[in-house]
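Structure, as structure tokens:
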Amino acid sequence: MADGNVGTVALKSVSPLAGESLPKDLAKVPGMSRGFDPPGVNHSRFVVAGLAGCGKSTVMHSNPRMFILDPEGGGVTAADPQALVYRTPITVPPGEQADAYRAAVRRMIDRHRRGDHEFCMLGVDTIDKLIDVFMVDFCVQKGIVDPLEYKDGRGNAYTIVRRDIFGLLDEATRAGMGWCLAAHVTPKTRRVGEEERVVNTLAVSDSFAVTVRRECEHMLFMEFVTRSVVEPGALKVVAGKEIRLPGARKTQEVRVLRTRPGGTWQGEPLNTVKVRIPFPDKMEVPKWNGWGVVADGYTEGVRILTQPRDGSRE
């Protein structure tokens, strides 16, 4: 588990440029690299977006390598709670909660830097709730009611809070950790061509939505899909022969992760694929070991990208 993968398939990266070393004068320069060298799935940067109750928390909390900031309390009802979770104690008042979350993250970053890689991925459940917590604390500390009232040399309140949160995520990335953000979606009115249309989009301000999409490597969309199934019918013996009677038809709701949402997202700028490896377009996610499905999809995508190429490379 040294690479931080969770799944039924082990990740083995074989670079397309294997055997081609760096020039000697560059080989010892820190940061220089060559070839395809993907991180393990738990060292990557994910967003899982979807409506409330669709299963975002269930997937994230099933990852035993993840440390999750849980301001919304999604882990309380997760079906397969394997992750390490932090929520601010009720004794921490508004104005001090953001500091408590920062301290918890930096404690885990320090552990990781010291070589303790038990928890190699930071989770946020949800990013929209964490933004609310940081914004309330900012307003309390500055003695303001409306964050739009505030502006200093660093920008307005939204800019400052956005840099604060994503700066913390960047600290985790630079320490070698991955992250995964659960994000609610909500209907918003957008102008599409000559008409206004209600579309689904992330339940954060547009500036935060752009940053979320820019900073992640893989953006996945969770939804419930209803399907019809026919159950096996009962066996009946007629004239000495076994006959299977027609089974009952039932509907099932299953959780599905997609790389492209479609439907009511049409007209929303986020309705484009943002994955850096070829995930399956659709992955059915069970209640238990949901993150294992994500890990297996990731591993298969890496395998596809690292297949031997035909022909010579100039």
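Residue numbering restarts at 1 for every chain of the structure tokens, chains are lettered A, B, ... in their displayed order, and ligands are numbered from 1 as they appear.
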Contact residues around A:Gly290 with only C-alpha atoms at 9 Å, ignoring same-chain residues under 4 positions, as a PyMOL selection string = chain A and resi 58-63+80+284-286+294-295
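Taking atom CA of A:Arg107 and atom CA of A:Met121 as endpoints, the distance between them is 13.2 Å.
Atom CA of A:Ile304 sits 26.3 Å away from atom CA of A:Trp288.
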What's around A:Met66 at 12 Å? Count only C-alpha atoms, leave out sequence neighbours fewer than 5 positions away in its own chain, and write the answer as a PDB file with N, CA and C atoms, in the first residue's frame.
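Final output, saved to result06.pdb:
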ATOM      1  N   GLY A   4      -0.375   4.209  -1.943  1.00  0.00           N
ATOM      2  CA  GLY A   4      -1.633   4.831  -1.558  1.00  0.00           C
ATOM      3  C   GLY A   4      -2.816   4.402  -2.370  1.00  0.00           C
ATOM      4  N   ASN A   5      -2.757   3.280  -3.074  1.00  0.00           N
ATOM      5  CA  ASN A   5      -3.882   2.825  -3.874  1.00  0.00           C
ATOM      6  C   ASN A   5      -4.815   1.963  -3.048  1.00  0.00           C
ATOM      7  N   VAL A   6      -6.117   2.059  -3.328  1.00  0.00           N
ATOM      8  CA  VAL A   6      -7.097   1.185  -2.715  1.00  0.00           C
ATOM      9  C   VAL A   6      -7.932   0.625  -3.843  1.00  0.00           C
ATOM     10  N   VAL A  41      -3.687   6.719  -7.108  1.00  0.00           N
ATOM     11  CA  VAL A  41      -5.020   7.320  -7.086  1.00  0.00           C
ATOM     12  C   VAL A  41      -5.219   8.197  -5.849  1.00  0.00           C
ATOM     13  N   ASN A  42      -4.658   7.812  -4.718  1.00  0.00           N
ATOM     14  CA  ASN A  42      -4.829   8.594  -3.493  1.00  0.00           C
ATOM     15  C   ASN A  42      -3.886   9.778  -3.401  1.00  0.00           C
ATOM     16  N   HIS A  43      -3.055   9.952  -4.407  1.00  0.00           N
ATOM     17  CA  HIS A  43      -2.187  11.126  -4.476  1.00  0.00           C
ATOM     18  C   HIS A  43      -2.635  12.059  -5.593  1.00  0.00           C
ATOM     19  N   SER A  44      -3.811  11.825  -6.145  1.00  0.00           N
ATOM     20  CA  SER A  44      -4.375  12.651  -7.205  1.00  0.00           C
ATOM     21  C   SER A  44      -5.391  13.631  -6.626  1.00  0.00           C
ATOM     22  N   SER A  57     -20.698  11.384  -0.131  1.00  0.00           N
ATOM     23  CA  SER A  57     -20.041  11.063   1.141  1.00  0.00           C
ATOM     24  C   SER A  57     -19.772   9.568   1.253  1.00  0.00           C
ATOM     25  N   VAL A  59     -19.063   7.384  -1.020  1.00  0.00           N
ATOM     26  CA  VAL A  59     -17.874   7.012  -1.792  1.00  0.00           C
ATOM     27  C   VAL A  59     -16.610   7.460  -1.069  1.00  0.00           C
ATOM     28  N   MET A  60     -16.557   8.714  -0.657  1.00  0.00           N
ATOM     29  CA  MET A  60     -15.336   9.245  -0.050  1.00  0.00           C
ATOM     30  C   MET A  60     -15.008   8.572   1.283  1.00  0.00           C
ATOM     31  N   HIS A  61     -16.015   8.397   2.125  1.00  0.00           N
ATOM     32  CA  HIS A  61     -15.777   7.855   3.458  1.00  0.00           C
ATOM     33  C   HIS A  61     -15.440   6.364   3.435  1.00  0.00           C
ATOM     34  N   PRO A  81     -18.139   3.660   6.600  1.00  0.00           N
ATOM     35  CA  PRO A  81     -17.232   4.680   7.144  1.00  0.00           C
ATOM     36  C   PRO A  81     -15.854   4.127   7.497  1.00  0.00           C
ATOM     37  N   GLN A  82     -14.918   4.236   6.564  1.00  0.00           N
ATOM     38  CA  GLN A  82     -13.557   3.736   6.753  1.00  0.00           C
ATOM     39  C   GLN A  82     -12.541   4.864   6.957  1.00  0.00           C
ATOM     40  N   ALA A  83     -12.879   6.081   6.541  1.00  0.00           N
ATOM     41  CA  ALA A  83     -11.931   7.192   6.582  1.00  0.00           C
ATOM     42  C   ALA A  83     -11.766   7.733   8.000  1.00  0.00           C
ATOM     43  N   LEU A  84     -10.660   8.452   8.204  1.00  0.00           N
ATOM     44  CA  LEU A  84     -10.467   9.225   9.428  1.00  0.00           C
ATOM     45  C   LEU A  84     -11.142  10.573   9.235  1.00  0.00           C
ATOM     46  N   VAL A  85     -11.964  10.982  10.204  1.00  0.00           N
ATOM     47  CA  VAL A  85     -12.813  12.165  10.039  1.00  0.00           C
ATOM     48  C   VAL A  85     -12.521  13.189  11.134  1.00  0.00           C
ATOM     49  N   TYR A  86     -12.545  14.472  10.740  1.00  0.00           N
ATOM     50  CA  TYR A  86     -12.429  15.548  11.719  1.00  0.00           C
ATOM     51  C   TYR A  86     -13.577  16.533  11.542  1.00  0.00           C
ATOM     52  N   VAL A 105      -5.490  19.943   9.385  1.00  0.00           N
ATOM     53  CA  VAL A 105      -4.859  19.601   8.106  1.00  0.00           C
ATOM     54  C   VAL A 105      -3.344  19.647   8.231  1.00  0.00           C
ATOM     55  N   MET A 108      -1.843  16.650   9.855  1.00  0.00           N
ATOM     56  CA  MET A 108      -1.753  15.484   8.978  1.00  0.00           C
ATOM     57  C   MET A 108      -0.644  15.661   7.949  1.00  0.00           C
ATOM     58  N   HIS A 117       2.544   7.578   6.186  1.00  0.00           N
ATOM     59  CA  HIS A 117       1.672   7.728   5.022  1.00  0.00           C
ATOM     60  C   HIS A 117       0.374   6.935   5.151  1.00  0.00           C
ATOM     61  N   GLU A 118      -0.034   6.655   6.376  1.00  0.00           N
ATOM     62  CA  GLU A 118      -1.286   5.924   6.561  1.00  0.00           C
ATOM     63  C   GLU A 118      -2.457   6.673   5.930  1.00  0.00           C
ATOM     64  N   PHE A 119      -2.463   7.991   6.111  1.00  0.00           N
ATOM     65  CA  PHE A 119      -3.507   8.825   5.503  1.00  0.00           C
ATOM     66  C   PHE A 119      -2.824   9.740   4.487  1.00  0.00           C
ATOM     67  N   CYS A 120      -2.975   9.378   3.221  1.00  0.00           N
ATOM     68  CA  CYS A 120      -2.237  10.081   2.169  1.00  0.00           C
ATOM     69  C   CYS A 120      -3.154  10.923   1.286  1.00  0.00           C
ATOM     70  N   MET A 121      -4.425  11.055   1.657  1.00  0.00           N
ATOM     71  CA  MET A 121      -5.360  11.857   0.875  1.00  0.00           C
ATOM     72  C   MET A 121      -6.210  12.698   1.814  1.00  0.00           C
ATOM     73  N   LEU A 122      -6.361  13.974   1.465  1.00  0.00           N
ATOM     74  CA  LEU A 122      -7.196  14.896   2.226  1.00  0.00           C
ATOM     75  C   LEU A 122      -8.564  14.982   1.559  1.00  0.00           C
ATOM     76  N   GLY A 123      -9.628  14.838   2.339  1.00  0.00           N
ATOM     77  CA  GLY A 123     -10.978  14.975   1.806  1.00  0.00           C
ATOM     78  C   GLY A 123     -11.687  16.166   2.431  1.00  0.00           C
ATOM     79  N   VAL A 124     -12.618  16.751   1.692  1.00  0.00           N
ATOM     80  CA  VAL A 124     -13.460  17.839   2.205  1.00  0.00           C
ATOM     81  C   VAL A 124     -14.903  17.496   1.876  1.00  0.00           C
ATOM     82  N   ASP A 125     -15.737  17.408   2.886  1.00  0.00           N
ATOM     83  CA  ASP A 125     -17.133  16.994   2.721  1.00  0.00           C
ATOM     84  C   ASP A 125     -18.054  17.987   3.458  1.00  0.00           C
ATOM     85  N   MET A 177       0.469  14.640  -0.782  1.00  0.00           N
ATOM     86  CA  MET A 177      -0.859  14.094  -0.542  1.00  0.00           C
ATOM     87  C   MET A 177      -1.795  14.442  -1.703  1.00  0.00           C
ATOM     88  N   GLY A 178      -2.797  13.602  -1.912  1.00  0.00           N
ATOM     89  CA  GLY A 178      -3.851  13.938  -2.845  1.00  0.00           C
ATOM     90  C   GLY A 178      -5.014  14.580  -2.112  1.00  0.00           C
ATOM     91  N   TRP A 179      -6.053  14.988  -2.856  1.00  0.00           N
ATOM     92  CA  TRP A 179      -7.267  15.473  -2.197  1.00  0.00           C
ATOM     93  C   TRP A 179      -8.498  15.150  -3.028  1.00  0.00           C
ATOM     94  N   CYS A 180      -9.625  15.122  -2.317  1.00  0.00           N
ATOM     95  CA  CYS A 180     -10.917  14.858  -2.954  1.00  0.00           C
ATOM     96  C   CYS A 180     -11.960  15.766  -2.319  1.00  0.00           C
ATOM     97  N   LEU A 181     -12.663  16.528  -3.134  1.00  0.00           N
ATOM     98  CA  LEU A 181     -13.679  17.459  -2.657  1.00  0.00           C
ATOM     99  C   LEU A 181     -15.056  16.960  -3.064  1.00  0.00           C
ATOM    100  N   TRP A 291     -14.936   3.538  -3.009  1.00  0.00           N
ATOM    101  CA  TRP A 291     -13.677   4.114  -3.487  1.00  0.00           C
ATOM    102  C   TRP A 291     -12.854   3.080  -4.244  1.00  0.00           C
TER     103      TRP A 291
END
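The space separating atom CA of A:Ser21 from atom CA of A:Glu217 comes to 26.6 Å.
Contact shell of A:Ala234 at 8 Å (only C-alpha atoms; same-chain neighbours under 6 positions omitted): Arg244, Leu245, Pro246 and Gly247 of chain A.
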Could you pull out the alpha helix (DSSP H) residues of stretch 72-297 of chain A from DSSP and send them as a PyMOL selection string?
-> chain A and resi 97-113+127-142+157-174+206-215+290-297
Go ahead and save the residues from that selection, with C-alpha atoms, as a PDB file, in the first residue's frame.
ATOM      1  CA  GLN A  97     -13.488  27.041  13.403  1.00  0.00           C
ATOM      2  CA  ALA A  98     -11.425  27.782  10.292  1.00  0.00           C
ATOM      3  CA  ASP A  99      -8.283  27.873  12.459  1.00  0.00           C
ATOM      4  CA  ALA A 100      -9.230  24.478  13.908  1.00  0.00           C
ATOM      5  CA  TYR A 101      -9.606  22.974  10.419  1.00  0.00           C
ATOM      6  CA  ARG A 102      -6.287  24.492   9.322  1.00  0.00           C
ATOM      7  CA  ALA A 103      -4.540  23.048  12.377  1.00  0.00           C
ATOM      8  CA  ALA A 104      -6.003  19.585  11.745  1.00  0.00           C
ATOM      9  CA  VAL A 105      -4.859  19.601   8.106  1.00  0.00           C
ATOM     10  CA  ARG A 106      -1.368  20.810   8.957  1.00  0.00           C
ATOM     11  CA  ARG A 107      -1.051  18.139  11.620  1.00  0.00           C
ATOM     12  CA  MET A 108      -1.753  15.484   8.978  1.00  0.00           C
ATOM     13  CA  ILE A 109       0.638  17.156   6.521  1.00  0.00           C
ATOM     14  CA  ASP A 110       3.376  17.078   9.161  1.00  0.00           C
ATOM     15  CA  ARG A 111       2.744  13.366   9.779  1.00  0.00           C
ATOM     16  CA  HIS A 112       2.989  12.704   6.044  1.00  0.00           C
ATOM     17  CA  ARG A 113       6.246  14.623   5.736  1.00  0.00           C
ATOM     18  CA  ILE A 127     -16.297  22.164  -0.185  1.00  0.00           C
ATOM     19  CA  ASP A 128     -19.344  24.469  -0.252  1.00  0.00           C
ATOM     20  CA  LYS A 129     -19.883  23.989   3.501  1.00  0.00           C
ATOM     21  CA  LEU A 130     -16.188  24.552   4.253  1.00  0.00           C
ATOM     22  CA  ILE A 131     -16.330  27.798   2.254  1.00  0.00           C
ATOM     23  CA  ASP A 132     -19.286  28.889   4.429  1.00  0.00           C
ATOM     24  CA  VAL A 133     -17.320  28.093   7.609  1.00  0.00           C
ATOM     25  CA  PHE A 134     -14.261  30.039   6.474  1.00  0.00           C
ATOM     26  CA  MET A 135     -16.406  32.976   5.309  1.00  0.00           C
ATOM     27  CA  VAL A 136     -18.303  33.202   8.612  1.00  0.00           C
ATOM     28  CA  ASP A 137     -15.039  33.120  10.531  1.00  0.00           C
ATOM     29  CA  PHE A 138     -13.574  35.824   8.308  1.00  0.00           C
ATOM     30  CA  CYS A 139     -16.594  38.070   8.901  1.00  0.00           C
ATOM     31  CA  VAL A 140     -16.474  37.480  12.684  1.00  0.00           C
ATOM     32  CA  GLN A 141     -12.768  38.256  12.820  1.00  0.00           C
ATOM     33  CA  LYS A 142     -13.151  41.424  10.739  1.00  0.00           C
ATOM     34  CA  ALA A 157     -13.419  38.722   1.214  1.00  0.00           C
ATOM     35  CA  TYR A 158     -14.261  36.060  -1.364  1.00  0.00           C
ATOM     36  CA  THR A 159     -10.835  36.315  -2.975  1.00  0.00           C
ATOM     37  CA  ILE A 160      -9.064  36.085   0.389  1.00  0.00           C
ATOM     38  CA  VAL A 161     -11.086  33.062   1.556  1.00  0.00           C
ATOM     39  CA  ARG A 162     -10.669  31.314  -1.790  1.00  0.00           C
ATOM     40  CA  ARG A 163      -6.884  31.729  -1.664  1.00  0.00           C
ATOM     41  CA  ASP A 164      -6.883  30.589   1.969  1.00  0.00           C
ATOM     42  CA  ILE A 165      -8.733  27.327   1.273  1.00  0.00           C
ATOM     43  CA  PHE A 166      -6.929  26.419  -1.925  1.00  0.00           C
ATOM     44  CA  GLY A 167      -3.626  27.450  -0.401  1.00  0.00           C
ATOM     45  CA  LEU A 168      -4.267  24.827   2.285  1.00  0.00           C
ATOM     46  CA  LEU A 169      -5.018  22.217  -0.399  1.00  0.00           C
ATOM     47  CA  ASP A 170      -1.837  23.222  -2.193  1.00  0.00           C
ATOM     48  CA  GLU A 171       0.158  22.652   1.022  1.00  0.00           C
ATOM     49  CA  ALA A 172      -1.184  19.098   1.078  1.00  0.00           C
ATOM     50  CA  THR A 173      -0.309  18.597  -2.606  1.00  0.00           C
ATOM     51  CA  ARG A 174       3.258  19.842  -2.097  1.00  0.00           C
ATOM     52  CA  ASP A 206     -18.714  31.332 -10.035  1.00  0.00           C
ATOM     53  CA  SER A 207     -15.176  32.321  -9.003  1.00  0.00           C
ATOM     54  CA  PHE A 208     -14.979  29.350  -6.617  1.00  0.00           C
ATOM     55  CA  ALA A 209     -16.435  27.028  -9.274  1.00  0.00           C
ATOM     56  CA  VAL A 210     -13.762  28.067 -11.770  1.00  0.00           C
ATOM     57  CA  THR A 211     -11.032  27.472  -9.168  1.00  0.00           C
ATOM     58  CA  VAL A 212     -12.431  24.061  -8.185  1.00  0.00           C
ATOM     59  CA  ARG A 213     -12.412  22.934 -11.792  1.00  0.00           C
ATOM     60  CA  ARG A 214      -8.987  24.404 -12.533  1.00  0.00           C
ATOM     61  CA  GLU A 215      -7.239  22.901  -9.517  1.00  0.00           C
ATOM     62  CA  GLY A 290     -17.143   2.578  -3.383  1.00  0.00           C
ATOM     63  CA  TRP A 291     -13.677   4.114  -3.487  1.00  0.00           C
ATOM     64  CA  GLY A 292     -12.350   0.766  -4.676  1.00  0.00           C
ATOM     65  CA  VAL A 293     -14.375   1.246  -7.871  1.00  0.00           C
ATOM     66  CA  VAL A 294     -12.793   4.678  -8.371  1.00  0.00           C
ATOM     67  CA  ALA A 295      -9.333   3.193  -7.744  1.00  0.00           C
ATOM     68  CA  ASP A 296      -9.916   0.362 -10.216  1.00  0.00           C
ATOM     69  CA  GLY A 297     -11.177   2.796 -12.875  1.00  0.00           C
TER      70      GLY A 297
END
Could you tell me which of A:Lys241, A:His184, A:Arg65, A:Arg258 comes closest to A:Gly40 if we count only C-alpha atoms?
-> A:Arg65
